[in-house]
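Reproduced below: query.cif, with mmCIF, C-alpha atoms.
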data_protein
loop_
_atom_site.group_PDB
_atom_site.id
_atom_site.type_symbol
_atom_site.label_atom_id
_atom_site.label_comp_id
_atom_site.auth_asym_id
_atom_site.auth_seq_id
_atom_site.Cartn_x
_atom_site.Cartn_y
_atom_site.Cartn_z
ATOM 1 C CA MET A 130 76.968 -57.666 -4.548
ATOM 2 C CA PHE A 131 79.488 -56.854 -7.273
ATOM 3 C CA LYS A 132 76.932 -54.636 -8.985
ATOM 4 C CA LYS A 133 76.303 -52.772 -5.718
ATOM 5 C CA TRP A 134 80.013 -52.357 -5.086
ATOM 6 C CA SER A 135 80.546 -51.205 -8.664
ATOM 7 C CA ASN A 136 77.792 -48.610 -8.397
ATOM 8 C CA SER A 137 79.232 -47.262 -5.133
ATOM 9 C CA GLY A 138 82.756 -47.322 -6.544
ATOM 10 C CA ILE A 139 81.698 -45.288 -9.573
ATOM 11 C CA GLY A 140 79.876 -42.854 -7.259
ATOM 12 C CA ILE A 141 83.009 -42.393 -5.153
ATOM 13 C CA LEU A 142 85.130 -41.855 -8.263
ATOM 14 C CA PHE A 143 82.659 -39.305 -9.644
ATOM 15 C CA ALA A 144 82.525 -37.508 -6.268
ATOM 16 C CA ILE A 145 86.314 -37.190 -6.035
ATOM 17 C CA LEU A 146 86.743 -36.083 -9.656
ATOM 18 C CA GLY A 147 83.853 -33.608 -9.429
ATOM 19 C CA ILE A 148 85.147 -31.982 -6.262
ATOM 20 C CA ILE A 149 88.715 -31.727 -7.585
ATOM 21 C CA LEU A 150 87.541 -30.195 -10.871
ATOM 22 C CA PHE A 151 85.334 -27.676 -9.053
ATOM 23 C CA SER A 152 88.298 -26.822 -6.806
ATOM 24 C CA ALA A 153 90.533 -26.135 -9.814
ATOM 25 C CA LYS A 154 88.368 -23.131 -10.753
ATOM 26 C CA ALA A 155 90.054 -20.795 -8.258
ATOM 27 C CA VAL A 156 93.496 -21.736 -9.578
ATOM 28 C CA MET A 157 92.421 -21.038 -13.167
ATOM 29 C CA VAL A 158 90.999 -17.653 -12.145
ATOM 30 C CA LYS A 159 94.260 -16.684 -10.436
ATOM 31 C CA LEU A 160 96.233 -17.793 -13.504
ATOM 32 C CA ALA A 161 93.979 -15.718 -15.785
ATOM 33 C CA TYR A 162 94.462 -12.628 -13.605
ATOM 34 C CA THR A 163 98.174 -12.678 -14.447
ATOM 35 C CA TYR A 164 97.144 -11.603 -17.986
ATOM 36 C CA ASN A 165 95.430 -8.398 -16.742
ATOM 37 C CA VAL A 166 91.848 -9.470 -17.407
ATOM 38 C CA ASP A 167 89.151 -8.006 -15.182
ATOM 39 C CA HIS A 168 86.868 -10.209 -13.097
ATOM 40 C CA LEU A 169 83.675 -9.419 -15.038
ATOM 41 C CA THR A 170 85.152 -10.228 -18.458
ATOM 42 C CA LEU A 171 86.653 -13.442 -17.141
ATOM 43 C CA LEU A 172 83.320 -14.440 -15.614
ATOM 44 C CA LEU A 173 81.605 -13.684 -18.937
ATOM 45 C CA PHE A 174 84.070 -15.964 -20.742
ATOM 46 C CA ARG A 175 83.458 -18.779 -18.259
ATOM 47 C CA MET A 176 79.678 -18.584 -18.451
ATOM 48 C CA GLY A 177 79.567 -17.763 -22.162
ATOM 49 C CA PHE A 178 81.582 -20.831 -23.158
ATOM 50 C CA ALA A 179 79.339 -23.036 -21.002
ATOM 51 C CA LEU A 180 76.073 -21.464 -22.228
ATOM 52 C CA PRO A 181 75.525 -23.551 -25.413
ATOM 53 C CA PHE A 182 75.742 -26.792 -23.437
ATOM 54 C CA TYR A 183 73.183 -25.631 -20.886
ATOM 55 C CA VAL A 184 70.841 -24.424 -23.638
ATOM 56 C CA VAL A 185 70.904 -27.918 -25.154
ATOM 57 C CA ILE A 186 70.211 -29.452 -21.736
ATOM 58 C CA ALA A 187 67.301 -27.061 -21.159
ATOM 59 C CA ILE A 188 65.791 -27.940 -24.539
ATOM 60 C CA TYR A 189 66.127 -31.703 -24.380
ATOM 61 C CA THR A 190 65.265 -32.386 -20.731
ATOM 62 C CA LYS A 191 61.718 -32.553 -19.441
ATOM 63 C CA PRO A 192 60.206 -31.426 -16.124
ATOM 64 C CA ASN A 193 60.582 -33.934 -13.332
ATOM 65 C CA GLY A 194 57.455 -35.663 -12.047
ATOM 66 C CA PRO A 195 53.773 -34.819 -12.319
ATOM 67 C CA GLN A 196 53.927 -31.480 -10.487
ATOM 68 C CA LYS A 197 52.634 -28.637 -12.612
ATOM 69 C CA ILE A 198 55.029 -25.737 -13.138
ATOM 70 C CA LYS A 199 53.306 -22.389 -12.632
ATOM 71 C CA SER A 200 54.222 -18.961 -13.962
ATOM 72 C CA LYS A 201 55.395 -17.787 -10.541
ATOM 73 C CA ASP A 202 57.779 -20.755 -10.408
ATOM 74 C CA TYR A 203 59.711 -19.203 -13.294
ATOM 75 C CA LEU A 204 59.918 -15.922 -11.376
ATOM 76 C CA TRP A 205 61.375 -17.783 -8.414
ATOM 77 C CA LEU A 206 63.728 -19.565 -10.792
ATOM 78 C CA PHE A 207 64.991 -16.218 -12.087
ATOM 79 C CA LEU A 208 65.568 -15.001 -8.519
ATOM 80 C CA PHE A 209 67.522 -18.107 -7.540
ATOM 81 C CA GLY A 210 69.556 -18.042 -10.751
ATOM 82 C CA PHE A 211 70.411 -14.405 -10.061
ATOM 83 C CA LEU A 212 71.276 -15.127 -6.447
ATOM 84 C CA GLY A 213 72.966 -18.498 -6.568
ATOM 85 C CA TYR A 214 74.999 -18.352 -9.757
ATOM 86 C CA TYR A 215 75.307 -14.714 -10.815
ATOM 87 C CA LEU A 216 75.929 -13.001 -7.457
ATOM 88 C CA ALA A 217 77.790 -15.920 -5.901
ATOM 89 C CA SER A 218 80.120 -16.196 -8.912
ATOM 90 C CA LEU A 219 80.605 -12.439 -9.143
ATOM 91 C CA PHE A 220 81.605 -12.106 -5.470
ATOM 92 C CA ASP A 221 83.879 -15.121 -5.814
ATOM 93 C CA PHE A 222 85.764 -13.767 -8.837
ATOM 94 C CA MET A 223 86.062 -10.350 -7.176
ATOM 95 C CA GLY A 224 87.400 -11.847 -3.953
ATOM 96 C CA LEU A 225 90.050 -13.867 -5.749
ATOM 97 C CA ARG A 226 91.676 -10.578 -6.720
ATOM 98 C CA TYR A 227 92.715 -10.127 -3.095
ATOM 99 C CA LEU A 228 92.977 -13.625 -1.682
ATOM 100 C CA LYS A 229 94.920 -16.830 -2.190
ATOM 101 C CA ALA A 230 93.099 -19.619 -4.004
ATOM 102 C CA GLY A 231 93.512 -21.916 -0.992
ATOM 103 C CA LEU A 232 91.977 -19.420 1.419
ATOM 104 C CA GLU A 233 89.114 -18.765 -0.995
ATOM 105 C CA ARG A 234 88.180 -22.446 -0.962
ATOM 106 C CA ILE A 235 88.336 -22.635 2.842
ATOM 107 C CA ILE A 236 85.858 -19.746 3.174
ATOM 108 C CA LEU A 237 83.535 -21.094 0.477
ATOM 109 C CA PHE A 238 83.588 -24.414 2.285
ATOM 110 C CA ILE A 239 81.629 -22.935 5.212
ATOM 111 C CA TYR A 240 78.427 -22.598 3.170
ATOM 112 C CA PRO A 241 76.767 -25.652 4.880
ATOM 113 C CA THR A 242 76.966 -23.795 8.209
ATOM 114 C CA ILE A 243 75.235 -20.794 6.598
ATOM 115 C CA VAL A 244 72.536 -23.112 5.225
ATOM 116 C CA VAL A 245 71.882 -24.379 8.762
ATOM 117 C CA LEU A 246 71.746 -20.844 10.187
ATOM 118 C CA LEU A 247 69.430 -19.532 7.450
ATOM 119 C CA SER A 248 67.128 -22.539 7.873
ATOM 120 C CA TRP A 249 66.998 -21.800 11.599
ATOM 121 C CA LEU A 250 66.339 -18.085 11.130
ATOM 122 C CA PHE A 251 63.744 -18.178 8.346
ATOM 123 C CA PHE A 252 62.202 -21.638 8.516
ATOM 124 C CA LYS A 253 62.408 -22.153 12.282
ATOM 125 C CA LYS A 254 64.236 -25.444 11.893
ATOM 126 C CA ARG A 255 65.643 -26.584 15.195
ATOM 127 C CA LEU A 256 69.314 -25.761 15.776
ATOM 128 C CA ALA A 257 70.762 -28.495 17.972
ATOM 129 C CA ARG A 258 73.483 -27.731 20.485
ATOM 130 C CA ASN A 259 75.926 -29.942 18.602
ATOM 131 C CA GLN A 260 75.219 -28.010 15.416
ATOM 132 C CA PHE A 261 75.793 -24.716 17.189
ATOM 133 C CA LEU A 262 79.120 -25.946 18.574
ATOM 134 C CA ALA A 263 80.131 -27.237 15.130
ATOM 135 C CA ILE A 264 79.402 -23.822 13.605
ATOM 136 C CA LEU A 265 81.525 -22.132 16.279
ATOM 137 C CA ILE A 266 84.350 -24.569 15.551
ATOM 138 C CA THR A 267 84.092 -23.817 11.829
ATOM 139 C CA TYR A 268 84.375 -20.050 12.246
ATOM 140 C CA LEU A 269 87.164 -20.455 14.762
ATOM 141 C CA GLY A 270 89.056 -22.336 12.051
ATOM 142 C CA VAL A 271 88.481 -19.494 9.581
ATOM 143 C CA LEU A 272 89.718 -16.994 12.171
ATOM 144 C CA ILE A 273 92.867 -19.075 12.785
ATOM 145 C CA THR A 274 93.533 -19.263 9.061
ATOM 146 C CA PHE A 275 93.148 -15.525 8.570
ATOM 147 C CA TRP A 276 95.114 -14.601 11.677
ATOM 148 C CA ASP A 277 98.313 -15.808 10.041
ATOM 149 C CA GLU A 278 97.450 -14.391 6.618
ATOM 150 C CA ILE A 279 96.944 -10.809 7.856
ATOM 151 C CA GLY A 280 100.634 -10.453 8.594
ATOM 152 C CA ILE A 281 101.525 -11.789 5.135
ATOM 153 C CA SER A 282 99.020 -10.111 2.795
ATOM 154 C CA GLY A 283 98.060 -6.972 4.719
ATOM 155 C CA ASP A 284 94.632 -5.357 4.980
ATOM 156 C CA THR A 285 93.441 -6.450 1.507
ATOM 157 C CA VAL A 286 92.822 -9.905 2.945
ATOM 158 C CA TYR A 287 89.879 -8.468 4.920
ATOM 159 C CA TRP A 288 88.147 -7.208 1.779
ATOM 160 C CA GLY A 289 88.892 -10.379 -0.168
ATOM 161 C CA GLY A 290 87.650 -12.538 2.695
ATOM 162 C CA PHE A 291 84.452 -10.504 2.979
ATOM 163 C CA LEU A 292 83.726 -10.882 -0.745
ATOM 164 C CA ILE A 293 84.254 -14.647 -0.627
ATOM 165 C CA PHE A 294 82.009 -14.832 2.437
ATOM 166 C CA LEU A 295 79.310 -12.995 0.444
ATOM 167 C CA SER A 296 79.749 -15.615 -2.282
ATOM 168 C CA ALA A 297 79.255 -18.420 0.255
ATOM 169 C CA PHE A 298 76.273 -16.597 1.772
ATOM 170 C CA THR A 299 74.453 -16.027 -1.538
ATOM 171 C CA TYR A 300 75.061 -19.617 -2.603
ATOM 172 C CA ALA A 301 73.734 -20.891 0.735
ATOM 173 C CA ALA A 302 70.662 -18.667 0.372
ATOM 174 C CA TYR A 303 70.124 -20.138 -3.091
ATOM 175 C CA LEU A 304 70.275 -23.675 -1.685
ATOM 176 C CA VAL A 305 67.871 -22.893 1.150
ATOM 177 C CA GLY A 306 65.370 -21.097 -1.042
ATOM 178 C CA SER A 307 65.396 -23.315 -4.124
ATOM 179 C CA GLY A 308 65.004 -26.685 -2.425
ATOM 180 C CA TRP A 309 61.239 -26.811 -3.009
ATOM 181 C CA LEU A 310 61.582 -25.748 -6.645
ATOM 182 C CA ILE A 311 64.183 -28.260 -7.858
ATOM 183 C CA PRO A 312 61.837 -31.303 -7.673
ATOM 184 C CA LYS A 313 59.416 -29.557 -10.042
ATOM 185 C CA PHE A 314 61.980 -28.965 -12.777
ATOM 186 C CA GLY A 315 64.417 -31.780 -12.117
ATOM 187 C CA VAL A 316 68.065 -31.214 -11.195
ATOM 188 C CA LEU A 317 69.460 -30.966 -14.737
ATOM 189 C CA ARG A 318 66.720 -28.710 -16.094
ATOM 190 C CA PHE A 319 66.765 -26.453 -13.040
ATOM 191 C CA THR A 320 70.560 -26.113 -13.155
ATOM 192 C CA ALA A 321 70.496 -25.392 -16.881
ATOM 193 C CA TYR A 322 67.849 -22.687 -16.477
ATOM 194 C CA ALA A 323 69.680 -21.138 -13.514
ATOM 195 C CA MET A 324 72.969 -21.054 -15.446
ATOM 196 C CA ILE A 325 71.294 -19.485 -18.492
ATOM 197 C CA ILE A 326 69.730 -16.806 -16.275
ATOM 198 C CA SER A 327 73.084 -16.175 -14.621
ATOM 199 C CA THR A 328 74.794 -15.782 -17.992
ATOM 200 C CA LEU A 329 72.164 -13.266 -19.133
ATOM 201 C CA CYS A 330 72.662 -11.294 -15.898
ATOM 202 C CA ILE A 331 76.413 -11.224 -16.455
ATOM 203 C CA LEU A 332 75.906 -10.114 -20.062
ATOM 204 C CA VAL A 333 73.635 -7.247 -18.959
ATOM 205 C CA HIS A 334 76.142 -6.275 -16.260
ATOM 206 C CA TYR A 335 78.955 -6.301 -18.801
ATOM 207 C CA THR A 336 76.919 -4.279 -21.327
ATOM 208 C CA VAL A 337 76.256 -1.554 -18.739
ATOM 209 C CA ILE A 338 79.770 -1.016 -17.371
ATOM 210 C CA ALA A 339 82.367 -2.681 -19.611
ATOM 211 C CA ASP A 340 84.282 -1.456 -22.664
ATOM 212 C CA PHE A 341 83.555 -4.377 -25.051
ATOM 213 C CA LYS A 342 87.227 -5.226 -25.561
ATOM 214 C CA LEU A 343 86.480 -8.933 -25.654
ATOM 215 C CA PHE A 344 88.986 -9.820 -28.357
ATOM 216 C CA ASN A 345 92.061 -7.974 -27.115
ATOM 217 C CA TYR A 346 93.330 -10.481 -24.562
ATOM 218 C CA PRO A 347 96.130 -13.025 -24.884
ATOM 219 C CA LYS A 348 95.006 -16.429 -26.132
ATOM 220 C CA GLU A 349 95.725 -17.917 -22.697
ATOM 221 C CA VAL A 350 92.766 -15.980 -21.246
ATOM 222 C CA TYR A 351 90.358 -17.624 -23.699
ATOM 223 C CA TYR A 352 91.876 -21.045 -23.088
ATOM 224 C CA LEU A 353 91.437 -20.613 -19.342
ATOM 225 C CA GLY A 354 87.878 -19.334 -19.792
ATOM 226 C CA LEU A 355 87.033 -22.406 -21.887
ATOM 227 C CA ALA A 356 88.761 -24.713 -19.391
ATOM 228 C CA MET A 357 86.748 -23.195 -16.532
ATOM 229 C CA ALA A 358 83.530 -23.616 -18.508
ATOM 230 C CA LEU A 359 84.156 -27.272 -19.344
ATOM 231 C CA PHE A 360 86.308 -28.679 -16.548
ATOM 232 C CA SER A 361 85.266 -26.547 -13.558
ATOM 233 C CA THR A 362 81.607 -25.883 -14.403
ATOM 234 C CA LEU A 363 79.923 -28.243 -16.872
ATOM 235 C CA ILE A 364 81.621 -31.617 -16.338
ATOM 236 C CA PRO A 365 81.821 -31.503 -12.520
ATOM 237 C CA SER A 366 78.165 -30.456 -12.285
ATOM 238 C CA PHE A 367 77.221 -33.767 -13.966
ATOM 239 C CA LEU A 368 79.770 -35.755 -11.951
ATOM 240 C CA VAL A 369 78.493 -34.383 -8.650
ATOM 241 C CA SER A 370 74.837 -34.946 -9.599
ATOM 242 C CA SER A 371 75.624 -38.532 -10.587
ATOM 243 C CA ALA A 372 77.652 -39.108 -7.410
ATOM 244 C CA ILE A 373 74.810 -37.835 -5.206
ATOM 245 C CA LYS A 374 72.375 -40.096 -7.067
ATOM 246 C CA ARG A 375 74.584 -43.150 -6.450
ATOM 247 C CA LEU A 376 75.831 -42.392 -2.921
ATOM 248 C CA GLY A 377 73.181 -40.151 -1.406
ATOM 249 C CA ALA A 378 73.663 -36.546 -0.238
ATOM 250 C CA SER A 379 74.874 -37.485 3.259
ATOM 251 C CA THR A 380 77.604 -39.836 1.981
ATOM 252 C CA PHE A 381 78.630 -37.385 -0.718
ATOM 253 C CA SER A 382 79.050 -34.619 1.898
ATOM 254 C CA ILE A 383 81.886 -36.629 3.471
ATOM 255 C CA PHE A 384 83.944 -36.109 0.315
ATOM 256 C CA GLY A 385 83.380 -32.347 0.452
ATOM 257 C CA SER A 386 86.437 -31.899 2.671
ATOM 258 C CA LEU A 387 88.584 -32.753 -0.358
ATOM 259 C CA GLY A 388 87.714 -29.332 -1.808
ATOM 260 C CA PRO A 389 89.969 -27.090 0.315
ATOM 261 C CA VAL A 390 92.749 -29.687 0.363
ATOM 262 C CA SER A 391 92.794 -30.173 -3.414
ATOM 263 C CA THR A 392 92.697 -26.403 -4.051
ATOM 264 C CA ILE A 393 95.663 -25.831 -1.731
ATOM 265 C CA ILE A 394 97.630 -28.622 -3.434
ATOM 266 C CA LEU A 395 96.816 -27.335 -6.940
ATOM 267 C CA ALA A 396 97.651 -23.752 -5.900
ATOM 268 C CA PHE A 397 101.000 -24.933 -4.531
ATOM 269 C CA PHE A 398 101.993 -26.529 -7.852
ATOM 270 C CA PHE A 399 100.464 -24.063 -10.332
ATOM 271 C CA LEU A 400 100.554 -20.743 -8.446
ATOM 272 C CA ASP A 401 103.479 -21.332 -6.096
ATOM 273 C CA GLU A 402 101.196 -20.425 -3.179
ATOM 274 C CA ARG A 403 102.611 -21.247 0.230
ATOM 275 C CA ILE A 404 100.487 -21.968 3.269
ATOM 276 C CA THR A 405 101.735 -21.887 6.852
ATOM 277 C CA TYR A 406 101.388 -24.621 9.454
ATOM 278 C CA LEU A 407 98.904 -22.463 11.355
ATOM 279 C CA GLN A 408 96.772 -22.102 8.224
ATOM 280 C CA VAL A 409 96.867 -25.875 7.679
ATOM 281 C CA PHE A 410 95.681 -26.313 11.265
ATOM 282 C CA GLY A 411 92.913 -23.765 10.711
ATOM 283 C CA MET A 412 91.858 -25.549 7.515
ATOM 284 C CA PHE A 413 91.436 -28.862 9.360
ATOM 285 C CA VAL A 414 89.451 -27.112 12.092
ATOM 286 C CA VAL A 415 87.099 -25.726 9.402
ATOM 287 C CA ILE A 416 86.793 -29.159 7.795
ATOM 288 C CA ALA A 417 85.995 -30.738 11.161
ATOM 289 C CA GLY A 418 83.301 -28.161 11.920
ATOM 290 C CA VAL A 419 81.635 -28.419 8.507
ATOM 291 C CA THR A 420 81.749 -32.222 8.639
ATOM 292 C CA LEU A 421 79.960 -32.190 12.005
ATOM 293 C CA VAL A 422 77.287 -29.842 10.658
ATOM 294 C CA SER A 423 76.815 -31.931 7.507
ATOM 295 C CA ARG A 424 76.458 -35.161 9.468
ATOM 296 C CA LYS A 425 73.937 -33.565 11.800
ATOM 297 C CA LYS A 426 71.928 -32.295 8.851
ATOM 298 C CA ALA A 427 71.867 -35.756 7.338
#
Written as structure tokens, that's how I'd like the structure from this file.
Amino acid sequence: MFKKWSNSGIGILFAILGIILFSAKAVMVKLAYTYNVDHLTLLLFRMGFALPFYVVIAIYTKPNGPQKIKSKDYLWLFLFGFLGYYLASLFDFMGLRYLKAGLERIILFIYPTIVVLLSWLFFKKRLARNQFLAILITYLGVLITFWDEIGISGDTVYWGGFLIFLSAFTYAAYLVGSGWLIPKFGVLRFTAYAMIISTLCILVHYTVIADFKLFNYPKEVYYLGLAMALFSTLIPSFLVSSAIKRLGASTFSIFGSLGPVSTIILAFFFLDERITYLQVFGMFVVIAGVTLVSRKKA
């Protein structure tokens, strides 16, 4: 009994720490932007600092299970790495130029509803009435949150919100499409490969359009890039994987609502971001809708 409780307790601790660390990423990005770094360079720093760790993981982990990995599986892996980590991260960093960190996390939090909709559209999975109502509730919450922000931030909030929505959409598409592939590689190996592919895509993107002034930024930019790589990318990815293993995906999803809340709290202390009562109400509406969808999926 004690062993079971201990295992669950560790899973809960890992889930909370992982979600909070992931949520801190938006705050670090906003802090880095105060030093006049562009989104692509900052993204390159984040992924570049994390790359050596994922290379080691890719080398020293083995495929999961007896399923044979085919050549076309690697092509699919490249597609999902491009979609789920390169595009999703790029849209996210771009959107944070125009949006508060707290609002960014609220929009990203809707990705489970997009997963349900994409599964319904492309895989003909049944969309229950309760799921449909939960999705409507979720987007109503986003609308409430943005309604108050428009008067504060102006029209740029539309563009920022659209970019963050694209980030949530591409990440959801990655989750829907890669589900059959992950068991072949194993979670750690698949994630490592996807992150390596994403980093290569970012490097190519940077080579094509950037000016190669990688060493002309204040030291704080490099510190924040390293912190994002370690504390908001690498470490939480292991914490979340371990938490899901101990608690199960359905139980872990309950802790997901900590994401928007922790980002808003961190943004309040580190960025002096203020959020209105109407936006708080909208956030809880979004959390309620996503929680209903997640429970129905489970």
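Evaluated against the shown file, the PyMOL selection byres ((chain A and resi 347) around 10) gives Ala161, Tyr164, Asn165, Val166, Phe344, Asn345, Tyr346, Lys348, Glu349, Val350, Tyr351 and Tyr352 of chain A.
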Give me the result of the PyMOL selection byres ((chain A and resi 221-232) around 8) on this file, residue by residue, as a PyMOL selection string.
-> chain A and resi 155-156+158-159+162+168-169+172+217-220+233-236+274+285-286+288-293+296+389-390+392-393+396+402
Selection above as a file: C-alpha atoms, as a JSON list (two decimals), in the coordinates of the input:
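Written file, again-v7.json:
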[["chain", "number", "residue", "atom", "x", "y", "z"],
["A", 155, "ALA", "CA", 90.05, -20.80, -8.26],
["A", 156, "VAL", "CA", 93.50, -21.74, -9.58],
["A", 158, "VAL", "CA", 91.00, -17.65, -12.14],
["A", 159, "LYS", "CA", 94.26, -16.68, -10.44],
["A", 162, "TYR", "CA", 94.46, -12.63, -13.60],
["A", 168, "HIS", "CA", 86.87, -10.21, -13.10],
["A", 169, "LEU", "CA", 83.68, -9.42, -15.04],
["A", 172, "LEU", "CA", 83.32, -14.44, -15.61],
["A", 217, "ALA", "CA", 77.79, -15.92, -5.90],
["A", 218, "SER", "CA", 80.12, -16.20, -8.91],
["A", 219, "LEU", "CA", 80.60, -12.44, -9.14],
["A", 220, "PHE", "CA", 81.60, -12.11, -5.47],
["A", 233, "GLU", "CA", 89.11, -18.76, -1.00],
["A", 234, "ARG", "CA", 88.18, -22.45, -0.96],
["A", 235, "ILE", "CA", 88.34, -22.64, 2.84],
["A", 236, "ILE", "CA", 85.86, -19.75, 3.17],
["A", 274, "THR", "CA", 93.53, -19.26, 9.06],
["A", 285, "THR", "CA", 93.44, -6.45, 1.51],
["A", 286, "VAL", "CA", 92.82, -9.90, 2.94],
["A", 288, "TRP", "CA", 88.15, -7.21, 1.78],
["A", 289, "GLY", "CA", 88.89, -10.38, -0.17],
["A", 290, "GLY", "CA", 87.65, -12.54, 2.70],
["A", 291, "PHE", "CA", 84.45, -10.50, 2.98],
["A", 292, "LEU", "CA", 83.73, -10.88, -0.74],
["A", 293, "ILE", "CA", 84.25, -14.65, -0.63],
["A", 296, "SER", "CA", 79.75, -15.62, -2.28],
["A", 389, "PRO", "CA", 89.97, -27.09, 0.32],
["A", 390, "VAL", "CA", 92.75, -29.69, 0.36],
["A", 392, "THR", "CA", 92.70, -26.40, -4.05],
["A", 393, "ILE", "CA", 95.66, -25.83, -1.73],
["A", 396, "ALA", "CA", 97.65, -23.75, -5.90],
["A", 402, "GLU", "CA", 101.20, -20.42, -3.18]]
Could you jot down the CA of Ser137 in chain A to CA of Leu376 in chain A separation for me, Å, one decimal place?
-> 6.3 Å
Residues of range 141-237 of chain A within 9 Å of range 323-342 of chain A: nearest atom pair and distance (Å, one decimal) for each, counting all atoms listed in the file, sorted by chain and number, as a tab-separated table?
residue	atom	partner	partner_atom	distance
A:Leu169	CA	A:Tyr335	CA	6.8
A:Thr170	CA	A:Tyr335	CA	7.3
A:Leu172	CA	A:Ile331	CA	7.7
A:Leu173	CA	A:Ile331	CA	6.3
A:Met176	CA	A:Thr328	CA	5.6
A:Gly177	CA	A:Thr328	CA	6.6
A:Ala179	CA	A:Met324	CA	8.7
A:Leu180	CA	A:Ile325	CA	6.4
A:Tyr183	CA	A:Ile325	CA	6.9
A:Val184	CA	A:Ile325	CA	7.1
A:Ala187	CA	A:Ile325	CA	9.0
A:Leu206	CA	A:Ala323	CA	6.7
A:Phe207	CA	A:Ile326	CA	6.4
A:Leu208	CA	A:Ala323	CA	8.9
A:Phe209	CA	A:Ala323	CA	7.0
A:Gly210	CA	A:Ala323	CA	4.2
A:Phe211	CA	A:Ser327	CA	5.6
A:Leu212	CA	A:Ser327	CA	8.4
A:Gly213	CA	A:Ala323	CA	8.1
A:Tyr214	CA	A:Ser327	CA	5.7
A:Tyr215	CA	A:Ser327	CA	4.6
A:Leu216	CA	A:Ser327	CA	8.3
A:Leu219	CA	A:Ile331	CA	8.5
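The two atoms in question, CA of Thr420 in chain A and CA of Val244 in chain A, are spaced 13.4 Å apart.
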Evaluate the PyMOL selection byres ((chain A and resi 142-144) around 8) and record the selected residues as a VMD selection string, following the chain and residue labels used in the document.
-> chain A and resid 138 to 141 145 to 148 368 to 369 371 to 373 381 384
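Comparing A:Val245, A:Met357, A:Ala302, A:Ile404 by their smallest distance to Ala263 in chain A, the closest is A:Val245 (using all atoms listed in the file).
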